[in-house]
file coords32.pdb (PDB, C-alpha atoms and all ligand atoms)
ATOM      1  CA  VAL G1483     -10.329  44.617 -15.879  1.00  0.00           C
ATOM      2  CA  PRO G1484     -10.315  41.774 -18.421  1.00  0.00           C
ATOM      3  CA  ARG G1485     -12.753  39.000 -17.690  1.00  0.00           C
ATOM      4  CA  ARG G1486     -11.145  35.944 -16.152  1.00  0.00           C
ATOM      5  CA  TYR G1487     -13.740  33.361 -17.081  1.00  0.00           C
ATOM      6  CA  ALA G1488     -16.212  32.117 -19.652  1.00  0.00           C
ATOM      7  CA  ILE G1489     -19.410  30.230 -18.927  1.00  0.00           C
ATOM      8  CA  ASP G1490     -19.174  26.550 -19.898  1.00  0.00           C
ATOM      9  CA  ILE G1491     -22.577  26.102 -21.569  1.00  0.00           C
ATOM     10  CA  ASP G1492     -22.270  22.300 -21.744  1.00  0.00           C
ATOM     11  CA  ALA G1493     -21.391  22.059 -18.069  1.00  0.00           C
ATOM     12  CA  VAL G1494     -24.368  24.272 -17.179  1.00  0.00           C
ATOM     13  CA  ALA G1495     -26.656  21.929 -19.151  1.00  0.00           C
ATOM     14  CA  GLU G1496     -25.151  19.007 -17.226  1.00  0.00           C
ATOM     15  CA  ALA G1497     -25.753  20.827 -13.952  1.00  0.00           C
ATOM     16  CA  GLU G1498     -29.391  21.454 -14.898  1.00  0.00           C
ATOM     17  CA  ALA G1499     -29.860  17.710 -15.452  1.00  0.00           C
ATOM     18  CA  LEU G1500     -28.031  16.885 -12.226  1.00  0.00           C
ATOM     19  CA  LEU G1501     -30.261  19.185 -10.183  1.00  0.00           C
ATOM     20  CA  GLY G1502     -33.372  18.000 -12.007  1.00  0.00           C
ATOM     21  CA  LEU G1503     -34.330  21.421 -13.344  1.00  0.00           C
ATOM     22  CA  ARG G1504     -37.288  21.285 -15.700  1.00  0.00           C
ATOM     23  CA  SER G1505     -36.592  24.594 -17.443  1.00  0.00           C
ATOM     24  CA  PRO G1506     -33.234  25.476 -18.989  1.00  0.00           C
ATOM     25  CA  VAL G1507     -31.034  28.219 -17.587  1.00  0.00           C
ATOM     26  CA  ARG G1508     -29.374  31.097 -19.383  1.00  0.00           C
ATOM     27  CA  VAL G1509     -26.456  32.734 -17.630  1.00  0.00           C
ATOM     28  CA  PHE G1510     -25.846  36.449 -18.150  1.00  0.00           C
ATOM     29  CA  ILE G1511     -22.573  38.104 -17.211  1.00  0.00           C
ATOM     30  CA  ARG G1512     -23.375  41.424 -15.581  1.00  0.00           C
ATOM     31  CA  ARG G1513     -21.890  44.283 -13.621  1.00  0.00           C
ATOM     32  CA  TYR G1514     -23.037  44.259 -10.033  1.00  0.00           C
ATOM     33  CA  GLU G1515     -22.070  46.723  -7.375  1.00  0.00           C
ATOM     34  CA  TRP G1516     -22.735  44.485  -4.391  1.00  0.00           C
ATOM     35  CA  LEU G1517     -23.613  41.031  -5.602  1.00  0.00           C
ATOM     36  CA  ASP G1518     -21.714  38.080  -7.027  1.00  0.00           C
ATOM     37  CA  GLY G1519     -24.843  37.036  -8.827  1.00  0.00           C
ATOM     38  CA  ARG G1520     -28.580  36.896  -8.716  1.00  0.00           C
ATOM     39  CA  TYR G1521     -31.601  35.012  -9.886  1.00  0.00           C
ATOM     40  CA  ILE G1522     -33.136  37.354 -12.448  1.00  0.00           C
ATOM     41  CA  ALA G1523     -36.377  35.807 -13.663  1.00  0.00           C
ATOM     42  CA  LEU G1524     -38.153  32.984 -15.427  1.00  0.00           C
ATOM     43  CA  ARG G1525     -38.842  34.320 -18.918  1.00  0.00           C
ATOM     44  CA  ASP G1526     -40.595  32.303 -21.636  1.00  0.00           C
ATOM     45  CA  GLY G1527     -39.724  29.088 -19.865  1.00  0.00           C
ATOM     46  CA  VAL G1528     -36.044  29.961 -19.396  1.00  0.00           C
ATOM     47  CA  HIS G1529     -34.439  30.810 -16.074  1.00  0.00           C
ATOM     48  CA  HIS G1530     -32.293  33.904 -16.359  1.00  0.00           C
ATOM     49  CA  VAL G1531     -29.478  34.183 -13.847  1.00  0.00           C
ATOM     50  CA  GLY G1532     -26.756  36.792 -13.596  1.00  0.00           C
ATOM     51  CA  VAL G1533     -23.133  36.460 -12.509  1.00  0.00           C
ATOM     52  CA  ALA G1534     -20.724  39.323 -11.838  1.00  0.00           C
ATOM     53  CA  HIS G1535     -18.201  40.007 -14.580  1.00  0.00           C
ATOM     54  CA  ASP G1536     -15.262  40.612 -12.251  1.00  0.00           C
ATOM     55  CA  LEU G1537     -15.130  37.267 -10.414  1.00  0.00           C
ATOM     56  CA  SER G1538     -12.449  34.604 -10.686  1.00  0.00           C
ATOM     57  CA  ALA G1539     -13.365  31.520 -12.712  1.00  0.00           C
ATOM     58  CA  ARG G1540     -13.795  29.574  -9.487  1.00  0.00           C
ATOM     59  CA  ALA G1541     -15.981  32.174  -7.769  1.00  0.00           C
ATOM     60  CA  ALA G1542     -18.097  32.560 -10.900  1.00  0.00           C
ATOM     61  CA  SER G1543     -18.618  28.789 -11.108  1.00  0.00           C
ATOM     62  CA  LYS G1544     -19.694  28.660  -7.461  1.00  0.00           C
ATOM     63  CA  THR G1545     -22.023  31.598  -8.022  1.00  0.00           C
ATOM     64  CA  VAL G1546     -23.677  29.896 -10.993  1.00  0.00           C
ATOM     65  CA  TRP G1547     -24.260  26.794  -8.844  1.00  0.00           C
ATOM     66  CA  HIS G1548     -25.791  29.090  -6.235  1.00  0.00           C
ATOM     67  CA  GLU G1549     -28.144  30.730  -8.725  1.00  0.00           C
ATOM     68  CA  LEU G1550     -29.078  27.395 -10.331  1.00  0.00           C
ATOM     69  CA  THR G1551     -30.220  26.348  -6.886  1.00  0.00           C
ATOM     70  CA  HIS G1552     -32.479  29.398  -6.691  1.00  0.00           C
ATOM     71  CA  ALA G1553     -33.899  28.394 -10.091  1.00  0.00           C
ATOM     72  CA  LEU G1554     -34.594  24.945  -8.675  1.00  0.00           C
ATOM     73  CA  GLN G1555     -36.243  26.484  -5.622  1.00  0.00           C
ATOM     74  CA  ALA G1556     -38.453  28.584  -7.912  1.00  0.00           C
ATOM     75  CA  GLU G1557     -39.591  25.423  -9.698  1.00  0.00           C
ATOM     76  CA  ARG G1558     -40.112  23.592  -6.438  1.00  0.00           C
ATOM     77  CA  LEU G1559     -42.176  26.408  -4.954  1.00  0.00           C
ATOM     78  CA  GLY G1560     -44.337  26.674  -8.057  1.00  0.00           C
ATOM     79  CA  GLY G1561     -42.830  29.617  -9.885  1.00  0.00           C
ATOM     80  CA  GLU G1562     -40.780  32.747  -9.746  1.00  0.00           C
ATOM     81  CA  ARG G1563     -43.432  34.738  -7.911  1.00  0.00           C
ATOM     82  CA  ALA G1564     -43.796  32.128  -5.165  1.00  0.00           C
ATOM     83  CA  PHE G1565     -40.014  31.973  -4.862  1.00  0.00           C
ATOM     84  CA  ARG G1566     -39.721  35.736  -4.427  1.00  0.00           C
ATOM     85  CA  GLN G1567     -42.485  35.740  -1.822  1.00  0.00           C
ATOM     86  CA  GLN G1568     -40.835  32.934   0.115  1.00  0.00           C
ATOM     87  CA  TRP G1569     -37.403  34.565  -0.147  1.00  0.00           C
ATOM     88  CA  TRP G1570     -38.669  37.922   1.186  1.00  0.00           C
ATOM     89  CA  ALA G1571     -40.725  36.187   3.867  1.00  0.00           C
ATOM     90  CA  GLU G1572     -37.555  34.460   5.100  1.00  0.00           C
ATOM     91  CA  MET G1573     -35.637  37.752   5.068  1.00  0.00           C
ATOM     92  CA  ARG G1574     -38.376  39.485   7.073  1.00  0.00           C
ATOM     93  CA  ALA G1575     -38.595  36.579   9.523  1.00  0.00           C
ATOM     94  CA  ALA G1576     -34.816  36.753  10.019  1.00  0.00           C
ATOM     95  CA  GLY G1577     -35.019  40.497  10.619  1.00  0.00           C
ATOM     96  CA  VAL G1578     -32.947  41.348   7.548  1.00  0.00           C
ATOM     97  CA  SER G1579     -33.549  44.913   6.391  1.00  0.00           C
ATOM     98  CA  ARG G1580     -34.490  45.513   2.766  1.00  0.00           C
ATOM     99  CA  PRO G1581     -31.160  47.167   1.846  1.00  0.00           C
ATOM    100  CA  LYS G1582     -29.202  44.377   3.499  1.00  0.00           C
ATOM    101  CA  ALA G1583     -31.288  41.755   1.725  1.00  0.00           C
ATOM    102  CA  LEU G1584     -30.710  43.474  -1.624  1.00  0.00           C
ATOM    103  CA  ARG G1585     -26.975  43.553  -0.982  1.00  0.00           C
ATOM    104  CA  GLY G1586     -26.857  40.006   0.315  1.00  0.00           C
ATOM    105  CA  GLU G1587     -25.248  41.213   3.514  1.00  0.00           C
ATOM    106  CA  GLY G1588     -24.917  39.800   6.962  1.00  0.00           C
ATOM    107  CA  ARG G1589     -25.105  36.606   8.933  1.00  0.00           C
ATOM    108  CA  ALA G1590     -28.902  36.627   9.284  1.00  0.00           C
ATOM    109  CA  TYR G1591     -29.189  36.769   5.498  1.00  0.00           C
ATOM    110  CA  ARG G1592     -26.875  33.813   5.120  1.00  0.00           C
ATOM    111  CA  ARG G1593     -28.839  31.740   7.604  1.00  0.00           C
ATOM    112  CA  THR G1594     -32.210  31.850   5.807  1.00  0.00           C
ATOM    113  CA  ALA G1595     -33.248  28.436   4.473  1.00  0.00           C
ATOM    114  CA  LEU G1596     -33.204  29.287   0.769  1.00  0.00           C
ATOM    115  CA  GLU G1597     -29.774  30.903   1.041  1.00  0.00           C
ATOM    116  CA  VAL G1598     -28.364  28.041   3.123  1.00  0.00           C
ATOM    117  CA  GLU G1599     -29.346  25.538   0.454  1.00  0.00           C
ATOM    118  CA  ALA G1600     -28.001  27.697  -2.375  1.00  0.00           C
ATOM    119  CA  ARG G1601     -24.710  28.182  -0.564  1.00  0.00           C
ATOM    120  CA  ALA G1602     -24.411  24.463   0.215  1.00  0.00           C
ATOM    121  CA  ASN G1603     -24.720  23.696  -3.500  1.00  0.00           C
ATOM    122  CA  GLU G1604     -21.817  26.014  -4.304  1.00  0.00           C
ATOM    123  CA  ARG G1605     -19.532  23.173  -3.339  1.00  0.00           C
ATOM    124  CA  LEU G1606     -20.795  21.171  -6.335  1.00  0.00           C
ATOM    125  CA  HIS G1607     -18.303  23.335  -8.213  1.00  0.00           C
ATOM    126  CA  ARG G1608     -15.650  20.839  -7.127  1.00  0.00           C
ATOM    127  CA  GLU G1609     -17.488  18.023  -8.949  1.00  0.00           C
ATOM    128  CA  LEU G1610     -18.403  20.065 -11.989  1.00  0.00           C
ATOM    129  CA  ALA G1611     -16.930  23.455 -12.854  1.00  0.00           C
ATOM    130  CA  LEU G1612     -19.368  25.685 -14.722  1.00  0.00           C
ATOM    131  CA  THR G1613     -16.778  28.131 -16.019  1.00  0.00           C
ATOM    132  CA  THR G1614     -13.513  27.909 -17.875  1.00  0.00           C
ATOM    133  CA  ARG G1615     -10.564  30.084 -17.062  1.00  0.00           C
ATOM    134  CA  LEU G1616      -9.626  32.602 -19.705  1.00  0.00           C
ATOM    135  CA  GLY G1617      -5.955  32.980 -20.496  1.00  0.00           C
ATOM    136  CA  ARG G1618      -4.111  36.173 -19.693  1.00  0.00           C
ATOM    137  CA  PRO G1619      -4.482  38.612 -22.533  1.00  0.00           C
ATOM    138  CA  ARG G1620      -1.266  39.518 -24.305  1.00  0.00           C
ATOM    139  CA  THR G1621       0.009  42.889 -23.296  1.00  0.00           C
ATOM    140  CA  ALA G1622       2.614  45.230 -24.730  1.00  0.00           C
ATOM    141  CA  GLY G1623       6.083  43.779 -24.484  1.00  0.00           C
ATOM    142  CA  THR G1624       5.139  40.195 -25.334  1.00  0.00           C
ATOM    143  CA  ARG G1625       6.485  38.419 -28.388  1.00  0.00           C
ATOM    144  CA  LEU G1626       3.466  39.337 -30.479  1.00  0.00           C
ATOM    145  CA  THR G1627       4.257  43.035 -30.548  1.00  0.00           C
ATOM    146  CA  ALA G1628       7.856  42.264 -31.539  1.00  0.00           C
ATOM    147  CA  TRP G1629       6.754  40.661 -34.798  1.00  0.00           C
ATOM    148  CA  PRO G1630       7.784  42.541 -37.910  1.00  0.00           C
ATOM    149  CA  ALA G1631       5.206  44.820 -39.472  1.00  0.00           C
ATOM    150  CA  TRP G1632       4.809  42.526 -42.506  1.00  0.00           C
ATOM    151  CA  ALA G1633       3.850  39.484 -40.394  1.00  0.00           C
ATOM    152  CA  PRO G1634       0.792  37.801 -41.848  1.00  0.00           C
ATOM    153  CA  MET G1635      -2.187  38.156 -39.516  1.00  0.00           C
TER     154      MET G1635
HETATM  155 ZN    ZN G1701     -28.783  33.449  -2.916  1.00  0.00          ZN
END
call {"tool": "encode", "arguments": {"input": "coords32.pdb", "output": "structure tokens", "more": "lines below"}}
Ligand SMILES: [Zn+2]
result
Amino acid sequence: VPRRYAIDIDAVAEAEALLGLRSPVRVFIRRYEWLDGRYIALRDGVHHVGVAHDLSARAASKTVWHELTHALQAERLGGERAFRQQWWAEMRAAGVSRPKALRGEGRAYRRTALEVEARANERLHRELALTTRLGRPRTAGTRLTAWPAWAPM
């Protein structure tokens, strides 16, 4: 499946400033079986976040807003480790099983405080899109393939 979006690096930088993030964010496009995205880690002062390769441009933008919010939460809580502890503590308190938490499944998962805030910020996509839509790739049968063999490339 061809990718339908590209990350808009300038828009992500704008979003970082808007949220008041102290450390910059690097967005990685990844293959995920269950997730749309995830907060990966804070490495050498850079937040690494992942977004699934097979999303629409709109869904990917919303997901990046979601993960930027987790980056902000990590800074607010005093680091990645504290964020992970808090996140798992909320999952346990909500009675979310480990597999469900890892898959981001269920209503209880969605109601934990950190996830509620991250999901609320997804709507910032409407103010500022963090992805650009990629055009449809040309396929066999389009004008391009009908060009003569000597066409300059
Ligand atoms: Zn989340």
call {"tool": "atom_distance", "arguments": {"input": "coords32.pdb", "atom1": "atom CA of Asn1603 of chain G", "atom2": "atom CA of Pro1484 of chain G"}}
result
27.5 Å
call {"tool": "resolve_selection", "arguments": {"input": "coords32.pdb", "expression": "the PyMOL selection byres (((chain G and resi 1505) around 8) and not hetatm)", "output": "list in words"}}
result
Leu1503, Arg1504, Pro1506, Val1507, Gly1527, Val1528 and His1529 of chain G
call {"tool": "atom_distance", "arguments": {"input": "coords32.pdb", "atom1": "atom CA of Arg1605 of chain G", "atom2": "atom CA of Gln1568 of chain G"}}
result
23.7 Å
call {"tool": "atom_distance", "arguments": {"input": "coords32.pdb", "atom1": "atom CA of Ser1579 of chain G", "atom2": "atom CA of Arg1520 of chain G"}}
result
17.8 Å
call {"tool": "residues_near_ligand", "arguments": {"input": "coords32.pdb", "ligand": "ligand ZN 1701 (chain G)", "cutoff": "12 Å", "atoms": "only C-alpha atoms and all ligand atoms", "output": "JSON, numbers by chain"}}
result
{"G": [1517, 1518, 1519, 1520, 1521, 1522, 1531, 1532, 1533, 1544, 1545, 1546, 1547, 1548, 1549, 1550, 1551, 1552, 1553, 1554, 1555, 1556, 1565, 1566, 1569, 1570, 1572, 1573, 1583, 1584, 1585, 1586, 1587, 1591, 1592, 1593, 1594, 1595, 1596, 1597, 1598, 1599, 1600, 1601, 1602, 1603, 1604]}
call {"tool": "resolve_selection", "arguments": {"input": "coords32.pdb", "expression": "the PyMOL selection byres (((chain G and resi 1493) around 12) and not hetatm)", "output": "ChimeraX atom specification"}}
result
/G:1488-1492,1494-1500,1507,1509,1543,1546-1547,1606-1607,1609-1614
call {"tool": "write_last_selection", "arguments": {"input": "coords32.pdb", "atoms": "C-alpha atoms", "output": "PDB file, in the frame of the given file"}}
result
ATOM      1  CA  ALA G1488     -16.212  32.117 -19.652  1.00  0.00           C
ATOM      2  CA  ILE G1489     -19.410  30.230 -18.927  1.00  0.00           C
ATOM      3  CA  ASP G1490     -19.174  26.550 -19.898  1.00  0.00           C
ATOM      4  CA  ILE G1491     -22.577  26.102 -21.569  1.00  0.00           C
ATOM      5  CA  ASP G1492     -22.270  22.300 -21.744  1.00  0.00           C
ATOM      6  CA  VAL G1494     -24.368  24.272 -17.179  1.00  0.00           C
ATOM      7  CA  ALA G1495     -26.656  21.929 -19.151  1.00  0.00           C
ATOM      8  CA  GLU G1496     -25.151  19.007 -17.226  1.00  0.00           C
ATOM      9  CA  ALA G1497     -25.753  20.827 -13.952  1.00  0.00           C
ATOM     10  CA  GLU G1498     -29.391  21.454 -14.898  1.00  0.00           C
ATOM     11  CA  ALA G1499     -29.860  17.710 -15.452  1.00  0.00           C
ATOM     12  CA  LEU G1500     -28.031  16.885 -12.226  1.00  0.00           C
ATOM     13  CA  VAL G1507     -31.034  28.219 -17.587  1.00  0.00           C
ATOM     14  CA  VAL G1509     -26.456  32.734 -17.630  1.00  0.00           C
ATOM     15  CA  SER G1543     -18.618  28.789 -11.108  1.00  0.00           C
ATOM     16  CA  VAL G1546     -23.677  29.896 -10.993  1.00  0.00           C
ATOM     17  CA  TRP G1547     -24.260  26.794  -8.844  1.00  0.00           C
ATOM     18  CA  LEU G1606     -20.795  21.171  -6.335  1.00  0.00           C
ATOM     19  CA  HIS G1607     -18.303  23.335  -8.213  1.00  0.00           C
ATOM     20  CA  GLU G1609     -17.488  18.023  -8.949  1.00  0.00           C
ATOM     21  CA  LEU G1610     -18.403  20.065 -11.989  1.00  0.00           C
ATOM     22  CA  ALA G1611     -16.930  23.455 -12.854  1.00  0.00           C
ATOM     23  CA  LEU G1612     -19.368  25.685 -14.722  1.00  0.00           C
ATOM     24  CA  THR G1613     -16.778  28.131 -16.019  1.00  0.00           C
ATOM     25  CA  THR G1614     -13.513  27.909 -17.875  1.00  0.00           C
TER      26      THR G1614
END
call {"tool": "axis_aligned_box", "arguments": {"input": "coords32.pdb", "around": "segment 1502-1521 of chain G", "padding_each_side": "5 Å", "output": "lines of an AutoDock Vina configuration file"}}
result
center_x = -29.5
center_y = 32.4
center_z = -11.9
size_x = 25.6
size_y = 38.7
size_z = 25.0
call {"tool": "closest_residue", "arguments": {"input": "coords32.pdb", "among": "G:Gly1588, G:Arg1563, G:Arg1580, G:Arg1513", "to": "Ala1534 of chain G", "atoms": "only C-alpha atoms"}}
result
G:Arg1513
call {"tool": "closest_residue", "arguments": {"input": "coords32.pdb", "among": "G:Arg1615, G:Arg1508, G:His1530, G:Arg1540", "to": "Tyr1487 of chain G", "atoms": "all atoms listed in the file"}}
result
G:Arg1615
call {"tool": "closest_residue", "arguments": {"input": "coords32.pdb", "among": "G:Val1578, G:Ile1511, G:Ala1523, G:Ala1571", "to": "Glu1557 of chain G", "atoms": "only C-alpha atoms"}}
result
G:Ala1523
call {"tool": "closest_residue", "arguments": {"input": "coords32.pdb", "among": "G:Glu1562, G:Asp1526, G:Glu1515, G:Asp1536", "to": "Val1483 of chain G", "atoms": "all atoms listed in the file"}}
result
G:Asp1536
call {"tool": "closest_residue", "arguments": {"input": "coords32.pdb", "among": "G:Gly1617, G:Arg1558, G:Phe1510, G:Arg1525", "to": "Arg1485 of chain G", "atoms": "all atoms listed in the file"}}
result
G:Gly1617
call {"tool": "build_atoms", "arguments": {"input": "coords32.pdb", "residues": "segment 1497-1513 of chain G", "atoms": "N, CA and C atoms", "output": "CSV table (one decimal), in the frame of the given file"}}
result
chain,number,residue,atom,x,y,z
G,1497,ALA,N,-25.3,20.5,-15.3
G,1497,ALA,CA,-25.8,20.8,-14.0
G,1497,ALA,C,-27.3,20.9,-13.8
G,1498,GLU,N,-27.9,21.4,-14.9
G,1498,GLU,CA,-29.4,21.5,-14.9
G,1498,GLU,C,-30.0,20.0,-14.7
G,1499,ALA,N,-29.4,19.1,-15.5
G,1499,ALA,CA,-29.9,17.7,-15.5
G,1499,ALA,C,-29.6,17.1,-14.1
G,1500,LEU,N,-28.4,17.4,-13.5
G,1500,LEU,CA,-28.0,16.9,-12.2
G,1500,LEU,C,-29.0,17.4,-11.1
G,1501,LEU,N,-29.4,18.6,-11.2
G,1501,LEU,CA,-30.3,19.2,-10.2
G,1501,LEU,C,-31.7,18.8,-10.4
G,1502,GLY,N,-32.0,18.3,-11.7
G,1502,GLY,CA,-33.4,18.0,-12.0
G,1502,GLY,C,-34.2,19.2,-12.4
G,1503,LEU,N,-33.6,20.2,-12.9
G,1503,LEU,CA,-34.3,21.4,-13.3
G,1503,LEU,C,-35.2,21.1,-14.6
G,1504,ARG,N,-36.4,21.5,-14.6
G,1504,ARG,CA,-37.3,21.3,-15.7
G,1504,ARG,C,-37.1,22.3,-16.8
G,1505,SER,N,-36.8,23.5,-16.4
G,1505,SER,CA,-36.6,24.6,-17.4
G,1505,SER,C,-35.1,24.9,-17.6
G,1506,PRO,N,-34.7,25.2,-18.8
G,1506,PRO,CA,-33.2,25.5,-19.0
G,1506,PRO,C,-32.9,26.8,-18.4
G,1507,VAL,N,-31.6,27.0,-18.2
G,1507,VAL,CA,-31.0,28.2,-17.6
G,1507,VAL,C,-30.2,29.0,-18.6
G,1508,ARG,N,-30.3,30.3,-18.6
G,1508,ARG,CA,-29.4,31.1,-19.4
G,1508,ARG,C,-28.6,32.0,-18.4
G,1509,VAL,N,-27.3,32.0,-18.6
G,1509,VAL,CA,-26.5,32.7,-17.6
G,1509,VAL,C,-26.0,34.0,-18.3
G,1510,PHE,N,-26.2,35.1,-17.6
G,1510,PHE,CA,-25.8,36.4,-18.2
G,1510,PHE,C,-24.7,37.0,-17.3
G,1511,ILE,N,-23.7,37.5,-17.9
G,1511,ILE,CA,-22.6,38.1,-17.2
G,1511,ILE,C,-22.9,39.6,-17.1
G,1512,ARG,N,-22.9,40.1,-15.8
G,1512,ARG,CA,-23.4,41.4,-15.6
G,1512,ARG,C,-22.4,42.2,-14.7
G,1513,ARG,N,-22.6,43.5,-14.6
G,1513,ARG,CA,-21.9,44.3,-13.6
G,1513,ARG,C,-22.8,44.5,-12.4
